[in-house]
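File shown: input27.pdb. Contents: PDB, C-alpha atoms, pLDDT in the B column.
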MODEL        1
ATOM      1  CA  MET H  21     -34.444-156.456 -17.505  1.00 34.00           C
ATOM      2  CA  SER H  22     -37.842-158.040 -16.878  1.00 38.00           C
ATOM      3  CA  GLN H  23     -38.617-159.808 -13.619  1.00 38.00           C
ATOM      4  CA  ASN H  24     -38.427-163.193 -15.330  1.00 40.00           C
ATOM      5  CA  GLU H  25     -34.962-162.679 -16.806  1.00 46.00           C
ATOM      6  CA  THR H  26     -31.914-163.999 -15.063  1.00 52.00           C
ATOM      7  CA  ASN H  27     -29.112-161.760 -13.936  1.00 64.00           C
ATOM      8  CA  PRO H  28     -26.108-162.858 -16.065  1.00 60.00           C
ATOM      9  CA  SER H  29     -23.636-161.597 -13.464  1.00 63.00           C
ATOM     10  CA  ASN H  30     -25.075-164.065 -10.952  1.00 71.00           C
ATOM     11  CA  VAL H  31     -24.927-166.955 -13.409  1.00 81.00           C
ATOM     12  CA  LEU H  32     -21.800-166.466 -15.509  1.00 85.00           C
ATOM     13  CA  GLU H  33     -19.442-164.283 -13.491  1.00 91.00           C
ATOM     14  CA  LEU H  34     -17.848-165.052 -10.130  1.00 94.00           C
ATOM     15  CA  ALA H  35     -18.660-162.364  -7.565  1.00 94.00           C
ATOM     16  CA  ASP H  36     -15.665-160.600  -6.045  1.00 94.00           C
ATOM     17  CA  GLU H  37     -16.615-161.503  -2.481  1.00 94.00           C
ATOM     18  CA  VAL H  38     -16.864-165.153  -3.500  1.00 95.00           C
ATOM     19  CA  ALA H  39     -13.655-165.235  -5.533  1.00 95.00           C
ATOM     20  CA  SER H  40     -11.644-164.209  -2.462  1.00 93.00           C
ATOM     21  CA  ARG H  41     -13.155-166.909  -0.240  1.00 95.00           C
ATOM     22  CA  ARG H  42     -14.154-169.861  -2.399  1.00 95.00           C
ATOM     23  CA  GLU H  43     -11.790-171.911  -4.524  1.00 94.00           C
ATOM     24  CA  THR H  44     -12.993-174.940  -6.447  1.00 95.00           C
ATOM     25  CA  ASP H  45     -11.139-178.195  -6.936  1.00 95.00           C
ATOM     26  CA  HIS H  46     -12.754-178.415 -10.393  1.00 96.00           C
ATOM     27  CA  ALA H  47     -14.500-175.910 -12.639  1.00 95.00           C
ATOM     28  CA  VAL H  48     -18.209-175.300 -11.998  1.00 95.00           C
ATOM     29  CA  THR H  49     -20.726-172.729 -13.202  1.00 95.00           C
ATOM     30  CA  PRO H  50     -20.295-169.561 -11.090  1.00 95.00           C
ATOM     31  CA  LEU H  51     -23.978-169.646 -10.083  1.00 96.00           C
ATOM     32  CA  PHE H  52     -23.202-172.459  -7.647  1.00 96.00           C
ATOM     33  CA  LEU H  53     -20.375-170.539  -5.990  1.00 96.00           C
ATOM     34  CA  ASN H  54     -22.198-167.203  -5.926  1.00 96.00           C
ATOM     35  CA  ARG H  55     -25.054-168.786  -4.022  1.00 97.00           C
ATOM     36  CA  TRP H  56     -24.605-168.512  -0.277  1.00 96.00           C
ATOM     37  CA  SER H  57     -26.825-167.615   2.660  1.00 97.00           C
ATOM     38  CA  PRO H  58     -26.629-163.972   3.752  1.00 97.00           C
ATOM     39  CA  ARG H  59     -28.727-162.694   6.650  1.00 97.00           C
ATOM     40  CA  SER H  60     -28.938-159.030   5.656  1.00 97.00           C
ATOM     41  CA  PHE H  61     -32.194-158.121   3.908  1.00 97.00           C
ATOM     42  CA  ALA H  62     -33.063-154.866   2.179  1.00 97.00           C
ATOM     43  CA  ASP H  63     -36.402-153.094   2.584  1.00 94.00           C
ATOM     44  CA  THR H  64     -37.334-154.073  -0.956  1.00 96.00           C
ATOM     45  CA  PRO H  65     -40.494-156.046  -1.703  1.00 97.00           C
ATOM     46  CA  VAL H  66     -40.413-159.136  -3.901  1.00 98.00           C
ATOM     47  CA  ALA H  67     -42.783-158.826  -6.830  1.00 98.00           C
ATOM     48  CA  GLU H  68     -45.421-161.532  -7.082  1.00 98.00           C
ATOM     49  CA  GLU H  69     -44.199-162.691 -10.487  1.00 98.00           C
ATOM     50  CA  THR H  70     -40.626-162.929  -9.202  1.00 98.00           C
ATOM     51  CA  LEU H  71     -41.755-165.001  -6.226  1.00 98.00           C
ATOM     52  CA  LEU H  72     -43.745-167.307  -8.476  1.00 98.00           C
ATOM     53  CA  THR H  73     -40.716-167.755 -10.742  1.00 98.00           C
ATOM     54  CA  VAL H  74     -38.650-168.858  -7.733  1.00 98.00           C
ATOM     55  CA  LEU H  75     -41.335-171.328  -6.673  1.00 98.00           C
ATOM     56  CA  GLU H  76     -41.755-172.542 -10.247  1.00 98.00           C
ATOM     57  CA  ALA H  77     -38.117-173.635 -10.168  1.00 98.00           C
ATOM     58  CA  GLY H  78     -38.916-175.707  -7.082  1.00 98.00           C
ATOM     59  CA  ARG H  79     -41.872-177.233  -8.885  1.00 98.00           C
ATOM     60  CA  TRP H  80     -39.590-178.635 -11.607  1.00 98.00           C
ATOM     61  CA  SER H  81     -37.163-180.336  -9.244  1.00 98.00           C
ATOM     62  CA  PRO H  82     -36.320-184.029  -9.680  1.00 98.00           C
ATOM     63  CA  SER H  83     -38.910-186.260  -8.031  1.00 98.00           C
ATOM     64  CA  SER H  84     -38.915-190.003  -7.407  1.00 97.00           C
ATOM     65  CA  ASN H  85     -41.820-191.528  -9.355  1.00 96.00           C
ATOM     66  CA  ASN H  86     -42.925-187.922  -9.949  1.00 97.00           C
ATOM     67  CA  LEU H  87     -44.698-187.924  -6.577  1.00 97.00           C
ATOM     68  CA  GLN H  88     -43.709-184.276  -5.957  1.00 98.00           C
ATOM     69  CA  PRO H  89     -44.023-184.570  -2.157  1.00 98.00           C
ATOM     70  CA  TRP H  90     -42.949-180.977  -1.474  1.00 98.00           C
ATOM     71  CA  ARG H  91     -45.293-178.282  -0.211  1.00 98.00           C
ATOM     72  CA  PHE H  92     -44.447-174.566  -0.091  1.00 98.00           C
ATOM     73  CA  ILE H  93     -46.296-172.531   2.553  1.00 98.00           C
ATOM     74  CA  VAL H  94     -45.864-168.856   1.679  1.00 98.00           C
ATOM     75  CA  ALA H  95     -45.938-165.796   3.943  1.00 98.00           C
ATOM     76  CA  LYS H  96     -45.727-162.371   2.267  1.00 98.00           C
ATOM     77  CA  THR H  97     -48.337-160.119   3.882  1.00 98.00           C
ATOM     78  CA  PRO H  98     -47.747-158.524   7.305  1.00 98.00           C
ATOM     79  CA  GLU H  99     -50.384-160.805   8.804  1.00 98.00           C
ATOM     80  CA  GLN H 100     -48.857-163.942   7.298  1.00 98.00           C
ATOM     81  CA  LEU H 101     -45.326-162.942   8.297  1.00 98.00           C
ATOM     82  CA  GLU H 102     -46.493-162.386  11.870  1.00 98.00           C
ATOM     83  CA  LEU H 103     -47.775-165.957  11.974  1.00 98.00           C
ATOM     84  CA  PHE H 104     -44.347-167.255  10.941  1.00 98.00           C
ATOM     85  CA  GLN H 105     -42.591-165.023  13.442  1.00 98.00           C
ATOM     86  CA  SER H 106     -44.563-166.695  16.223  1.00 98.00           C
ATOM     87  CA  PHE H 107     -42.755-170.023  15.722  1.00 98.00           C
ATOM     88  CA  ILE H 108     -39.271-168.964  14.560  1.00 98.00           C
ATOM     89  CA  VAL H 109     -36.778-169.009  17.453  1.00 97.00           C
ATOM     90  CA  PRO H 110     -35.774-165.541  18.736  1.00 96.00           C
ATOM     91  CA  GLY H 111     -32.134-165.877  17.697  1.00 95.00           C
ATOM     92  CA  ASN H 112     -33.163-166.280  14.061  1.00 96.00           C
ATOM     93  CA  ARG H 113     -35.862-163.628  14.241  1.00 97.00           C
ATOM     94  CA  ALA H 114     -33.079-161.097  14.778  1.00 95.00           C
ATOM     95  CA  TRP H 115     -32.671-161.222  10.997  1.00 97.00           C
ATOM     96  CA  THR H 116     -35.569-163.213   9.496  1.00 98.00           C
ATOM     97  CA  ASP H 117     -38.005-160.495  10.623  1.00 97.00           C
ATOM     98  CA  ARG H 118     -36.539-158.270   7.904  1.00 97.00           C
ATOM     99  CA  ALA H 119     -37.204-160.729   5.069  1.00 98.00           C
ATOM    100  CA  PRO H 120     -40.169-159.696   2.883  1.00 98.00           C
ATOM    101  CA  VAL H 121     -41.046-163.335   2.149  1.00 98.00           C
ATOM    102  CA  LEU H 122     -40.868-166.418   4.341  1.00 98.00           C
ATOM    103  CA  LEU H 123     -41.433-169.921   2.974  1.00 98.00           C
ATOM    104  CA  LEU H 124     -42.032-173.071   4.977  1.00 98.00           C
ATOM    105  CA  LEU H 125     -40.820-176.162   3.141  1.00 98.00           C
ATOM    106  CA  ALA H 126     -42.733-179.302   4.017  1.00 98.00           C
ATOM    107  CA  SER H 127     -43.347-182.685   2.463  1.00 98.00           C
ATOM    108  CA  ASN H 128     -45.908-185.443   2.380  1.00 97.00           C
ATOM    109  CA  PRO H 129     -44.152-188.606   3.631  1.00 97.00           C
ATOM    110  CA  LEU H 130     -46.760-190.906   2.084  1.00 96.00           C
ATOM    111  CA  ARG H 131     -47.531-192.113  -1.398  1.00 95.00           C
ATOM    112  CA  ASP H 132     -51.020-191.746  -2.837  1.00 91.00           C
ATOM    113  CA  ASN H 133     -51.820-195.299  -1.713  1.00 94.00           C
ATOM    114  CA  GLY H 134     -50.845-194.520   1.887  1.00 94.00           C
ATOM    115  CA  GLU H 135     -47.533-196.378   1.812  1.00 96.00           C
ATOM    116  CA  PRO H 136     -44.349-194.562   2.955  1.00 96.00           C
ATOM    117  CA  ASN H 137     -42.455-192.507   0.397  1.00 97.00           C
ATOM    118  CA  GLY H 138     -38.830-193.015   1.332  1.00 97.00           C
ATOM    119  CA  SER H 139     -37.737-190.176  -0.965  1.00 98.00           C
ATOM    120  CA  HIS H 140     -39.975-187.397   0.326  1.00 98.00           C
ATOM    121  CA  ALA H 141     -37.269-185.535   2.280  1.00 98.00           C
ATOM    122  CA  PHE H 142     -34.639-186.156  -0.413  1.00 98.00           C
ATOM    123  CA  ASP H 143     -36.923-184.733  -3.099  1.00 98.00           C
ATOM    124  CA  THR H 144     -37.861-181.720  -0.983  1.00 98.00           C
ATOM    125  CA  GLY H 145     -34.174-181.022  -0.464  1.00 98.00           C
ATOM    126  CA  ALA H 146     -33.834-180.957  -4.241  1.00 98.00           C
ATOM    127  CA  ALA H 147     -36.696-178.471  -4.405  1.00 98.00           C
ATOM    128  CA  TRP H 148     -34.930-176.252  -1.867  1.00 98.00           C
ATOM    129  CA  ALA H 149     -31.763-176.289  -3.981  1.00 98.00           C
ATOM    130  CA  SER H 150     -33.747-175.317  -7.067  1.00 98.00           C
ATOM    131  CA  ILE H 151     -35.442-172.482  -5.194  1.00 98.00           C
ATOM    132  CA  ALA H 152     -32.126-171.206  -3.825  1.00 98.00           C
ATOM    133  CA  LEU H 153     -30.399-171.254  -7.210  1.00 98.00           C
ATOM    134  CA  GLN H 154     -33.295-169.605  -9.036  1.00 98.00           C
ATOM    135  CA  ALA H 155     -33.395-166.915  -6.368  1.00 98.00           C
ATOM    136  CA  GLN H 156     -29.667-166.319  -6.843  1.00 97.00           C
ATOM    137  CA  ALA H 157     -30.071-166.124 -10.616  1.00 96.00           C
ATOM    138  CA  LEU H 158     -32.721-163.424 -10.164  1.00 97.00           C
ATOM    139  CA  GLY H 159     -30.552-161.369  -7.822  1.00 96.00           C
ATOM    140  CA  LEU H 160     -32.293-162.419  -4.611  1.00 97.00           C
ATOM    141  CA  ILE H 161     -30.954-164.206  -1.549  1.00 97.00           C
ATOM    142  CA  ALA H 162     -32.462-167.250   0.142  1.00 98.00           C
ATOM    143  CA  HIS H 163     -31.449-168.497   3.583  1.00 98.00           C
ATOM    144  CA  ALA H 164     -32.865-171.746   4.986  1.00 98.00           C
ATOM    145  CA  VAL H 165     -33.551-171.849   8.734  1.00 97.00           C
ATOM    146  CA  GLY H 166     -33.944-174.969  10.847  1.00 98.00           C
ATOM    147  CA  GLY H 167     -34.492-173.107  14.110  1.00 97.00           C
ATOM    148  CA  PHE H 168     -38.261-173.038  14.490  1.00 98.00           C
ATOM    149  CA  ASP H 169     -40.896-174.802  16.568  1.00 98.00           C
ATOM    150  CA  ARG H 170     -42.381-177.404  14.253  1.00 98.00           C
ATOM    151  CA  ALA H 171     -45.279-178.346  16.477  1.00 97.00           C
ATOM    152  CA  LYS H 172     -46.257-174.700  16.915  1.00 98.00           C
ATOM    153  CA  ALA H 173     -45.914-174.095  13.177  1.00 98.00           C
ATOM    154  CA  LYS H 174     -48.342-176.916  12.430  1.00 98.00           C
ATOM    155  CA  GLU H 175     -50.809-175.597  14.997  1.00 97.00           C
ATOM    156  CA  THR H 176     -50.485-171.949  13.993  1.00 98.00           C
ATOM    157  CA  LEU H 177     -50.821-172.584  10.265  1.00 98.00           C
ATOM    158  CA  GLU H 178     -53.407-175.361  10.742  1.00 97.00           C
ATOM    159  CA  LEU H 179     -51.372-177.778   8.644  1.00 97.00           C
ATOM    160  CA  PRO H 180     -52.308-181.441   8.166  1.00 92.00           C
ATOM    161  CA  ASP H 181     -50.821-183.730  10.814  1.00 89.00           C
ATOM    162  CA  GLY H 182     -49.146-185.893   8.187  1.00 93.00           C
ATOM    163  CA  LEU H 183     -46.907-183.180   6.746  1.00 97.00           C
ATOM    164  CA  GLU H 184     -43.244-183.203   7.746  1.00 98.00           C
ATOM    165  CA  LEU H 185     -41.725-179.744   8.182  1.00 98.00           C
ATOM    166  CA  HIS H 186     -38.132-179.187   7.081  1.00 98.00           C
ATOM    167  CA  ALA H 187     -37.079-175.540   6.991  1.00 98.00           C
ATOM    168  CA  VAL H 188     -38.203-171.942   6.871  1.00 98.00           C
ATOM    169  CA  VAL H 189     -36.642-170.011   3.985  1.00 98.00           C
ATOM    170  CA  ALA H 190     -36.097-166.251   4.281  1.00 98.00           C
ATOM    171  CA  LEU H 191     -36.284-164.746   0.798  1.00 98.00           C
ATOM    172  CA  GLY H 192     -35.630-161.228  -0.448  1.00 98.00           C
ATOM    173  CA  TYR H 193     -33.043-158.799  -1.736  1.00 98.00           C
ATOM    174  CA  ARG H 194     -29.746-158.386   0.019  1.00 97.00           C
ATOM    175  CA  GLY H 195     -29.117-155.381   2.219  1.00 96.00           C
ATOM    176  CA  GLY H 196     -25.963-153.929   3.694  1.00 93.00           C
ATOM    177  CA  LEU H 197     -24.436-154.679   7.069  1.00 94.00           C
ATOM    178  CA  GLU H 198     -26.336-151.725   8.512  1.00 94.00           C
ATOM    179  CA  THR H 199     -29.501-153.829   8.227  1.00 91.00           C
ATOM    180  CA  LEU H 200     -28.003-156.607  10.339  1.00 93.00           C
ATOM    181  CA  ASP H 201     -27.431-157.015  14.058  1.00 91.00           C
ATOM    182  CA  PRO H 202     -23.680-156.505  14.700  1.00 92.00           C
ATOM    183  CA  LYS H 203     -23.411-159.953  16.282  1.00 92.00           C
ATOM    184  CA  PHE H 204     -23.871-161.442  12.804  1.00 94.00           C
ATOM    185  CA  HIS H 205     -21.412-159.213  10.948  1.00 96.00           C
ATOM    186  CA  GLU H 206     -18.431-161.580  11.104  1.00 94.00           C
ATOM    187  CA  ARG H 207     -20.573-164.415   9.736  1.00 94.00           C
ATOM    188  CA  GLU H 208     -21.892-162.379   6.809  1.00 94.00           C
ATOM    189  CA  VAL H 209     -19.398-163.858   4.350  1.00 96.00           C
ATOM    190  CA  PRO H 210     -19.449-166.837   1.962  1.00 94.00           C
ATOM    191  CA  SER H 211     -18.388-170.045   3.682  1.00 95.00           C
ATOM    192  CA  GLY H 212     -15.905-172.519   2.227  1.00 96.00           C
ATOM    193  CA  ARG H 213     -16.231-176.258   1.684  1.00 96.00           C
ATOM    194  CA  ARG H 214     -14.008-179.211   2.499  1.00 96.00           C
ATOM    195  CA  PRO H 215     -12.034-180.713  -0.419  1.00 95.00           C
ATOM    196  CA  LEU H 216     -14.117-182.823  -2.782  1.00 96.00           C
ATOM    197  CA  GLN H 217     -11.879-185.822  -2.168  1.00 96.00           C
ATOM    198  CA  GLU H 218     -12.968-185.940   1.471  1.00 97.00           C
ATOM    199  CA  SER H 219     -16.554-186.515   0.352  1.00 97.00           C
ATOM    200  CA  LEU H 220     -15.759-189.317  -2.098  1.00 95.00           C
ATOM    201  CA  ILE H 221     -15.956-192.994  -1.219  1.00 95.00           C
ATOM    202  CA  GLU H 222     -14.788-195.347  -3.912  1.00 93.00           C
ATOM    203  CA  ALA H 223     -16.954-198.370  -4.543  1.00 94.00           C
ATOM    204  CA  LYS H 224     -15.031-201.565  -3.871  1.00 92.00           C
ATOM    205  CA  ALA H 225     -15.911-205.102  -4.720  1.00 90.00           C
ATOM    206  CA  LYS H 226     -15.581-207.697  -1.981  1.00 87.00           C
ATOM    207  CA  GLY H 227     -12.221-209.413  -2.293  1.00 77.00           C
TER     208      GLY H 227
ENDMDL
END
If you took the structure in this file and wrote it as structure tokens, what would it be?
Amino acid sequence: MSQNETNPSNVLELADEVASRRETDHAVTPLFLNRWSPRSFADTPVAEETLLTVLEAGRWSPSSNNLQPWRFIVAKTPEQLELFQSFIVPGNRAWTDRAPVLLLLASNPLRDNGEPNGSHAFDTGAAWASIALQAQALGLIAHAVGGFDRAKAKETLELPDGLELHAVVALGYRGGLETLDPKFHEREVPSGRRPLQESLIEAKAKG
């Protein structure tokens, strides 16, 4: 299988560990259920072409007025990863330090004419979903982290003041529990979701 080919087992077949913990109210493609956020990373590098394929999926995310406000700051060398480690909170570094790639997802909150883009965060969230699903399809794992010092990240990476920072994404291949601090072992399982009906609000006309 080439690095650009999807892993059919991730896309078309429900993983055993997921089947025992996730039950849908309605049928969906297994890719969506197989995607979750492990913390255990293997000592396996991510090939450049594989990384670019994951980011390419983010590039083609839906975008209001095609403004594409997302920005992907990539760390993959030891020096770059060390920069990221300086602003990730210690509790998350207990496992993110093992990831071979770290991504910082940011967005430009302004349109080209300087007016606010009310969809910048919404669109960047769509890009994150695309990245996560493409990673899953390629046999990788992606875990988004909100626990980092945004001000320090901007200073350390010398980012423009106008960018809004959303999440750090740890990306790589999954390892076993032996790669993970024991305090995370019980959480290293797919989470469930509340029933779909609890998320639905029926539109009602004023009467």
Let me know the residues the PyMOL selection byres ((chain H and resi 112-128) around 8) catches in the file above, as number ranges by chain. H: 59-66, 89-96, 101, 104-105, 108-111, 129-131, 140-141, 144, 148, 165, 167, 182-192, 200-201
Figure out the distance between CA of Val48 in chain H and CA of Pro210 in chain H, please, to one decimal in Å. 16.4 Å
Selection result of the PyMOL selection byres ((chain H and resi 50-57) around 9) on this file, as a PyMOL selection string: chain H and resi 29-35+37-39+42-44+47-49+58-59+152-153+155-157+161-164+208-211
Just the residues within 12 Å of Leu216 in chain H, please, counting all atoms listed in the file, with nothing from its chain fewer than 2 positions along; format it as a ChimeraX atom specification. /H:43-46,212-214,218-221
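When CA of Gln88 in chain H is paired with CA of Gly159 in chain H, their separation reads 26.5 Å.
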Between CA of Gly166 in chain H and CA of Thr70 in chain H, distance in Å (one decimal): 24.3 Å
Give the padded box for range 144-152 of chain H as AutoDock Vina command-line options: axis-aligned, covering all atoms listed in the file, 4 Å on each side, centre and edge lengths in Å to one decimal.
--center_x -34.8 --center_y -176.5 --center_z -3.8 --size_x 14.1 --size_y 18.5 --size_z 14.6
Excluding Thr73 in chain H and any residue of its chain fewer than 2 positions from it, enumerate the residues within 12 Å of it, using only C-alpha atoms, and give them as number ranges by chain. H: 22-26, 66-71, 75-80, 150-158, 160
Keeping only C-alpha atoms, take the residues you just selected and write them out as an mmCIF file, in the frame of the given file.
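So the final result, stored in result-v1.cif, reads:
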data_model
loop_
_atom_site.group_PDB
_atom_site.id
_atom_site.type_symbol
_atom_site.label_atom_id
_atom_site.label_comp_id
_atom_site.auth_asym_id
_atom_site.auth_seq_id
_atom_site.Cartn_x
_atom_site.Cartn_y
_atom_site.Cartn_z
ATOM 1 C CA SER H 22 -37.842 -158.040 -16.878
ATOM 2 C CA GLN H 23 -38.617 -159.808 -13.619
ATOM 3 C CA ASN H 24 -38.427 -163.193 -15.330
ATOM 4 C CA GLU H 25 -34.962 -162.679 -16.806
ATOM 5 C CA THR H 26 -31.914 -163.999 -15.063
ATOM 6 C CA VAL H 66 -40.413 -159.136 -3.901
ATOM 7 C CA ALA H 67 -42.783 -158.826 -6.830
ATOM 8 C CA GLU H 68 -45.421 -161.532 -7.082
ATOM 9 C CA GLU H 69 -44.199 -162.691 -10.487
ATOM 10 C CA THR H 70 -40.626 -162.929 -9.202
ATOM 11 C CA LEU H 71 -41.755 -165.001 -6.226
ATOM 12 C CA LEU H 75 -41.335 -171.328 -6.673
ATOM 13 C CA GLU H 76 -41.755 -172.542 -10.247
ATOM 14 C CA ALA H 77 -38.117 -173.635 -10.168
ATOM 15 C CA GLY H 78 -38.916 -175.707 -7.082
ATOM 16 C CA ARG H 79 -41.872 -177.233 -8.885
ATOM 17 C CA TRP H 80 -39.590 -178.635 -11.607
ATOM 18 C CA SER H 150 -33.747 -175.317 -7.067
ATOM 19 C CA ILE H 151 -35.442 -172.482 -5.194
ATOM 20 C CA ALA H 152 -32.126 -171.206 -3.825
ATOM 21 C CA LEU H 153 -30.399 -171.254 -7.210
ATOM 22 C CA GLN H 154 -33.295 -169.605 -9.036
ATOM 23 C CA ALA H 155 -33.395 -166.915 -6.368
ATOM 24 C CA GLN H 156 -29.667 -166.319 -6.843
ATOM 25 C CA ALA H 157 -30.071 -166.124 -10.616
ATOM 26 C CA LEU H 158 -32.721 -163.424 -10.164
ATOM 27 C CA LEU H 160 -32.293 -162.419 -4.611
#
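Checking H:Gly196, H:Lys172, H:Pro215, H:Lys226 one by one against Leu103 in chain H, counting all atoms listed in the file, you find the shortest gap at H:Lys172.
In this comparison, which uses only C-alpha atoms, the residue of H:Phe107, H:Glu198, H:Ser81, H:Glu102 approaching Asp169 in chain H most closely is H:Phe107.
Nearest to Arg170 in chain H of all the residues H:Ser106, H:Thr97, H:Thr199, H:Asn133 is H:Ser106, counting only C-alpha atoms.
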